[in-house]
Amino acid sequence: MTLDTEAIDRREAFLMDLVRTAGALAQEGFSQQSGRPIGMKGPQDYLTETDGRVEAHIRGRIAEAFPEDGFLGEETGGKPGSQAWVVDPIDGTANFARVIPHFCISIAFVANDQVQLGAIANPVLGEVYFARLGGGAQMNGKPIRVSATADITGTSFEMGWSNRRPTSDYIAAVSALFDAGSNVRRAACGALGLAYVADGRSEGYAELHMNSWDCLAGLLLVREAGGVTGPFLSLGGLTQGAPVLAANPHVGGILSHATGIPLLAGPDLLAQGDDKLLRTA
C-alpha cells in the first residue's frame with residue numbers, strides 16, 4: 001500500500017510528540033539507574049528495565065494511533081506490515097546501565113519502499129533530531145548540516161564495533177583511518193554517532209554490521225543533512241542488518257575505502273525480499 005503525503009504528515013506530527021514522551025520515560029529510568037541490576041542478552045549486550053518500558057510505551061501509542069502500521073522493535077520484535085515503525089527504545093544501553101549520559105531513543109518509519117521519517121532523542125541533553133524524506137534534517141527545530149571538513153587530518157570519525165564481524169576487520173578499518181590521518185573514536189551509541197555526523201560533530205560514522213532499529217533514523221538524518229551513506233535497506237538490512245557508513249561528502253570515499261563499505265548510488269530502496277514482506281505481512 002502506498003501512503004500519500006497527508007498520511008505521512010499525520011505520522012510526522014505523531015512522531016514528534018512520541019519521541020518526546022518516550023524520552024521522558026527514558027530520562028526517568030536513567031535518573032533511577034544507579035545500583036539497579038543489569039541483565040544480559042548476550043556478550044556485551046545489556047538489557048535494563050527501561051528498555052522494555054520505553055518500547056511498550058512506543059508500541060502501545062503506535063497501535064492506538066495507527067493500528068494498520070507494522071512494528072519492529074529491538075526488544076519485542078514484530079512483523080512489518082504494509083508500512084512499519086522500526087524502534088530502538090534505548091540505543092547505547094551499556095552507557096545507560098553505567099549511568100553514562102550518552103544514549104538515545106531511535107524511531108524510524110518505513111513506507112513506500114524507503115525510510116520516510118526518522119527521530120533520535122537524547123533526553124539527558126534535551127536534544128531531539130528529526131528528518132523527513134525530502135524535507136531536510138533538524139535538531140530542536142533548527143536545520144542541521146554535515147561538516148564541511150575536507151582535509152583528512154582535520155577529521156574525526158567514529159567506528160562502531162559489532163561482535164557479528166571479526167574483530168580483526170574492525171581493527172584493520174580503524175588502523176586504515178589512523179594511517180590516513182584521521183582521529184577515530186567510539187562512544188558506544190550508534191544512533192547518536194549517526195546523528196553527530198548529521199549535525200557536523202563528526203565527519204563520519206561506520207560500523208561493519210548494525211540492525212535496522214539502530215540506524216534507519218540516523219541514516220535518513222545524514223542524507224537529509226547533505227551527507228552520503230552506504231546502502232542499507234537495499235542490502236536486506238531491514239530484517240537482517242547490514243554494514244553502515246555515513247559521512248560528509250568530502251571524506252566519504254576515504255571512509256568507504258578504509259571499511260570496504262560502498263557508497264550508496266541513488267535512493268536506498270527496500271531489498272526484494274523485504275519489500276515483499278512489507279507488502280504482504
# chains A, B, ... in the order shown; residues from 1 in each chain; ligands from 1
>>> residues_around(residues="Gly193 of chain A", least_positions_apart="3", cutoff="7 Å", atoms="only C-alpha atoms", output="ChimeraX atom specification")
/A:158,189-190,196-197,205
>>> write_last_selection(atoms="N, CA and C atoms", output="compact mmCIF listing (two decimals), in the first residue's frame")
# COMPACT_ATOMS: atom_id res chain seq x y z
N GLU A 158 33.92 8.16 13.79
CA GLU A 158 33.57 7.21 14.84
C GLU A 158 33.35 5.85 14.19
N CYS A 189 27.20 4.25 21.07
CA CYS A 189 25.79 4.54 20.76
C CYS A 189 25.72 4.89 19.28
N GLY A 190 25.43 3.90 18.46
CA GLY A 190 25.49 4.10 17.02
C GLY A 190 24.51 5.11 16.49
N TYR A 196 25.40 12.67 15.09
CA TYR A 196 26.53 13.59 15.19
C TYR A 196 27.21 13.82 13.84
N VAL A 197 27.08 12.88 12.92
CA VAL A 197 27.52 13.15 11.55
C VAL A 197 26.56 14.16 10.91
N TYR A 205 30.71 8.15 10.33
CA TYR A 205 30.47 7.03 11.22
C TYR A 205 30.40 5.77 10.37
>>> residues_around(residues="segment 246-260 of chain A", least_positions_apart="3", cutoff="7 Å", atoms="only C-alpha atoms", output="ChimeraX atom specification")
/A:146-148,150,173,176-177,194,197,203-206,219,222,227-230,263
>>> select_by_dssp(residues="segment 82-271 of chain A", states="alpha helix (DSSP H)", output="compact mmCIF listing (two decimals) with N, CA, C and O atoms, in the first residue's frame")
# COMPACT_ATOMS: atom_id res chain seq x y z
N THR A 93 22.72 1.09 25.42
CA THR A 93 22.29 0.56 26.72
C THR A 93 23.46 0.34 27.67
O THR A 93 23.31 0.49 28.89
N ALA A 94 24.64 -0.02 27.14
CA ALA A 94 25.80 -0.19 28.03
C ALA A 94 26.14 1.12 28.72
O ALA A 94 26.49 1.14 29.91
N ASN A 95 26.02 2.23 28.01
CA ASN A 95 26.23 3.54 28.64
C ASN A 95 25.14 3.82 29.67
O ASN A 95 25.41 4.24 30.80
N PHE A 96 23.89 3.60 29.27
CA PHE A 96 22.76 3.83 30.16
C PHE A 96 22.93 3.04 31.46
O PHE A 96 22.73 3.56 32.56
N ALA A 97 23.30 1.77 31.34
CA ALA A 97 23.42 0.91 32.50
C ALA A 97 24.52 1.35 33.45
O ALA A 97 24.46 1.07 34.65
N THR A 167 36.78 -9.33 14.84
CA THR A 167 37.45 -8.18 15.46
C THR A 167 38.58 -7.68 14.59
O THR A 167 38.85 -6.47 14.53
N SER A 168 39.24 -8.60 13.88
CA SER A 168 40.36 -8.21 13.02
C SER A 168 39.91 -7.25 11.92
O SER A 168 40.68 -6.35 11.52
N ASP A 169 38.68 -7.40 11.42
CA ASP A 169 38.18 -6.48 10.39
C ASP A 169 37.99 -5.08 10.96
O ASP A 169 38.28 -4.07 10.30
N TYR A 170 37.48 -5.03 12.18
CA TYR A 170 37.31 -3.74 12.85
C TYR A 170 38.66 -3.07 13.08
O TYR A 170 38.84 -1.88 12.79
N ILE A 171 39.63 -3.82 13.59
CA ILE A 171 40.96 -3.26 13.86
C ILE A 171 41.61 -2.78 12.56
O ILE A 171 42.24 -1.71 12.53
N ALA A 172 41.44 -3.53 11.48
CA ALA A 172 42.02 -3.12 10.20
C ALA A 172 41.41 -1.81 9.71
O ALA A 172 42.12 -0.94 9.19
N ALA A 173 40.11 -1.65 9.87
CA ALA A 173 39.45 -0.42 9.42
C ALA A 173 39.92 0.77 10.25
O ALA A 173 40.22 1.85 9.71
N VAL A 174 39.99 0.60 11.57
CA VAL A 174 40.45 1.69 12.43
C VAL A 174 41.89 2.05 12.10
O VAL A 174 42.25 3.24 12.02
N SER A 175 42.72 1.04 11.89
CA SER A 175 44.13 1.28 11.55
C SER A 175 44.26 2.07 10.25
O SER A 175 45.07 3.00 10.14
N ALA A 176 43.43 1.72 9.26
CA ALA A 176 43.47 2.43 7.98
C ALA A 176 43.08 3.89 8.14
O ALA A 176 43.66 4.77 7.49
N LEU A 177 42.13 4.17 9.00
CA LEU A 177 41.72 5.55 9.23
C LEU A 177 42.80 6.34 9.96
O LEU A 177 43.08 7.49 9.62
N PHE A 178 43.43 5.71 10.96
CA PHE A 178 44.55 6.38 11.63
C PHE A 178 45.68 6.65 10.64
O PHE A 178 46.27 7.74 10.63
N ASP A 179 45.98 5.67 9.79
CA ASP A 179 47.06 5.84 8.81
C ASP A 179 46.75 6.96 7.82
O ASP A 179 47.65 7.65 7.33
N ALA A 180 45.47 7.14 7.53
CA ALA A 180 45.07 8.21 6.60
C ALA A 180 45.18 9.59 7.22
O ALA A 180 45.17 10.60 6.51
N GLY A 190 25.43 3.90 18.46
CA GLY A 190 25.49 4.10 17.02
C GLY A 190 24.51 5.11 16.49
O GLY A 190 24.82 5.88 15.58
N ALA A 191 23.29 5.13 17.03
CA ALA A 191 22.30 6.09 16.54
C ALA A 191 22.75 7.52 16.78
O ALA A 191 22.63 8.38 15.90
N LEU A 192 23.31 7.80 17.97
CA LEU A 192 23.84 9.14 18.22
C LEU A 192 25.08 9.40 17.38
O LEU A 192 25.32 10.54 16.95
N GLY A 193 25.88 8.36 17.12
CA GLY A 193 27.02 8.53 16.24
C GLY A 193 26.60 9.03 14.87
O GLY A 193 27.24 9.91 14.29
N LEU A 194 25.50 8.50 14.35
CA LEU A 194 24.98 8.96 13.06
C LEU A 194 24.40 10.37 13.17
O LEU A 194 24.60 11.21 12.28
N ALA A 195 23.69 10.65 14.26
CA ALA A 195 23.16 12.00 14.46
C ALA A 195 24.28 13.03 14.51
O ALA A 195 24.13 14.15 14.00
N TYR A 196 25.40 12.67 15.09
CA TYR A 196 26.53 13.59 15.19
C TYR A 196 27.21 13.82 13.84
O TYR A 196 27.85 14.85 13.63
N VAL A 197 27.08 12.88 12.92
CA VAL A 197 27.52 13.15 11.55
C VAL A 197 26.56 14.16 10.91
O VAL A 197 26.98 15.10 10.25
N ALA A 198 25.27 13.97 11.14
CA ALA A 198 24.27 14.86 10.54
C ALA A 198 24.43 16.30 11.00
O ALA A 198 24.22 17.23 10.22
N SER A 212 18.56 -2.72 11.95
CA SER A 212 17.81 -1.60 11.37
C SER A 212 17.33 -0.62 12.42
O SER A 212 17.30 0.60 12.18
N TRP A 213 16.96 -1.12 13.61
CA TRP A 213 16.45 -0.20 14.64
C TRP A 213 17.52 0.74 15.16
O TRP A 213 17.23 1.80 15.69
N ASP A 214 18.80 0.36 15.00
CA ASP A 214 19.90 1.21 15.44
C ASP A 214 20.21 2.35 14.48
O ASP A 214 20.79 3.35 14.89
N CYS A 215 19.88 2.18 13.20
CA CYS A 215 20.47 3.09 12.21
C CYS A 215 19.53 3.74 11.21
O CYS A 215 19.93 4.71 10.54
N LEU A 216 18.31 3.25 11.03
CA LEU A 216 17.48 3.80 9.95
C LEU A 216 17.19 5.28 10.13
O LEU A 216 17.26 6.07 9.18
N ALA A 217 16.86 5.69 11.35
CA ALA A 217 16.61 7.12 11.59
C ALA A 217 17.86 7.94 11.33
O ALA A 217 17.81 9.00 10.71
N GLY A 218 19.01 7.45 11.81
CA GLY A 218 20.26 8.19 11.65
C GLY A 218 20.71 8.30 10.21
O GLY A 218 21.22 9.34 9.78
N LEU A 219 20.53 7.25 9.44
CA LEU A 219 20.92 7.31 8.02
C LEU A 219 20.07 8.34 7.27
O LEU A 219 20.59 9.08 6.42
N LEU A 220 18.78 8.39 7.56
CA LEU A 220 17.94 9.41 6.94
C LEU A 220 18.40 10.80 7.36
O LEU A 220 18.48 11.72 6.52
N LEU A 221 18.69 10.99 8.63
CA LEU A 221 19.20 12.28 9.11
C LEU A 221 20.42 12.72 8.32
O LEU A 221 20.50 13.88 7.88
N VAL A 222 21.37 11.82 8.15
CA VAL A 222 22.61 12.19 7.45
C VAL A 222 22.33 12.58 6.00
O VAL A 222 22.82 13.60 5.51
N ARG A 223 21.53 11.78 5.31
CA ARG A 223 21.25 12.11 3.91
C ARG A 223 20.51 13.44 3.79
O ARG A 223 20.80 14.25 2.90
N GLU A 224 19.55 13.68 4.69
CA GLU A 224 18.79 14.92 4.63
C GLU A 224 19.62 16.12 5.08
O GLU A 224 19.26 17.27 4.78
N GLY A 237 18.84 -4.97 4.88
CA GLY A 237 19.13 -4.56 6.24
C GLY A 237 17.92 -4.44 7.15
O GLY A 237 18.07 -4.52 8.37
N LEU A 238 16.71 -4.27 6.61
CA LEU A 238 15.54 -4.13 7.46
C LEU A 238 15.38 -5.31 8.41
O LEU A 238 15.15 -5.13 9.61
N THR A 239 15.53 -6.50 7.90
CA THR A 239 15.31 -7.69 8.71
C THR A 239 16.59 -8.43 9.09
O THR A 239 16.61 -9.17 10.07
N GLN A 240 17.67 -8.23 8.34
CA GLN A 240 18.90 -8.98 8.58
C GLN A 240 20.05 -8.14 9.11
O GLN A 240 21.06 -8.68 9.56
N GLY A 252 33.70 10.93 2.44
CA GLY A 252 33.01 9.66 2.38
C GLY A 252 33.79 8.59 1.67
O GLY A 252 33.78 7.42 2.06
N GLY A 253 34.51 8.96 0.62
CA GLY A 253 35.30 7.99 -0.12
C GLY A 253 36.43 7.40 0.71
O GLY A 253 36.75 6.21 0.57
N ILE A 254 37.03 8.21 1.56
CA ILE A 254 38.11 7.73 2.43
C ILE A 254 37.57 6.72 3.43
O ILE A 254 38.16 5.66 3.67
N LEU A 255 36.41 7.03 4.03
CA LEU A 255 35.80 6.12 4.98
C LEU A 255 35.37 4.83 4.28
O LEU A 255 35.53 3.73 4.82
N SER A 256 34.85 4.94 3.08
CA SER A 256 34.46 3.77 2.31
C SER A 256 35.66 2.88 2.01
O SER A 256 35.60 1.65 2.15
N HIS A 257 36.76 3.48 1.61
CA HIS A 257 37.97 2.71 1.30
C HIS A 257 38.51 1.99 2.53
O HIS A 257 38.91 0.82 2.46
N ALA A 258 38.49 2.66 3.66
CA ALA A 258 39.05 2.07 4.88
C ALA A 258 38.20 0.92 5.39
O ALA A 258 38.74 -0.05 5.95
N THR A 259 36.89 0.99 5.22
CA THR A 259 35.99 -0.01 5.78
C THR A 259 35.54 -1.06 4.79
O THR A 259 35.02 -2.12 5.18
>>> closest_residue(among="A:Val87, A:Arg20, A:Pro80, A:Arg185", to="Glu127 of chain A", atoms="only C-alpha atoms")
A:Arg20
>>> residues_around(residues="segment 71-79 of chain A", least_positions_apart="4", cutoff="8 Å", atoms="only C-alpha atoms", output="ChimeraX atom specification")
/A:51-52,55,59,84-89,213,281
>>> residues_around(residues="Leu133 of chain A", least_positions_apart="5", cutoff="12 Å", atoms="only C-alpha atoms", output="list of chain:residue names")
A:Thr5, A:Ile8, A:Asp9, A:Glu12, A:Ala108, A:Phe109, A:Val110, A:Ala111, A:Asn112, A:Asp113, A:Gln114, A:Val115, A:Gln116, A:Leu117, A:Gly118, A:Ala119, A:Leu216, A:Ala217, A:Leu219, A:Leu220, A:Leu221, A:Val222, A:Arg223, A:Glu224, A:Ala225, A:Pro267, A:Asp268
>>> select_by_dssp(residues="segment 30-136 of chain A", states="strand (DSSP E or B)", output="VMD selection string")
chain A and resid 39 to 42 45 to 47 70 to 73 77 84 to 91 104 to 111 114 to 122 127 to 132 136
>>> atom_distance(atom1="atom CA of Leu235 of chain A", atom2="atom CA of Gly160 of chain A")
18.9 Å
>>> residues_around(residues="Arg53 of chain A", least_positions_apart="4", cutoff="8 Å", atoms="only C-alpha atoms", output="PDB file with C-alpha atoms, in the first residue's frame")
ATOM      1  CA  LEU A  25      10.280   7.828  30.270  1.00  0.00           C
ATOM      2  CA  GLU A  49      14.020  -2.400  32.764  1.00  0.00           C
ATOM      3  CA  HIS A  57       5.051   2.852  25.523  1.00  0.00           C
TER       4      HIS A  57
END
>>> atom_distance(atom1="atom CA of Ser162 of chain A", atom2="atom CA of Leu208 of chain A")
6.8 Å
>>> atom_distance(atom1="atom CA of Gly241 of chain A", atom2="atom CA of Asn211 of chain A")
4.3 Å
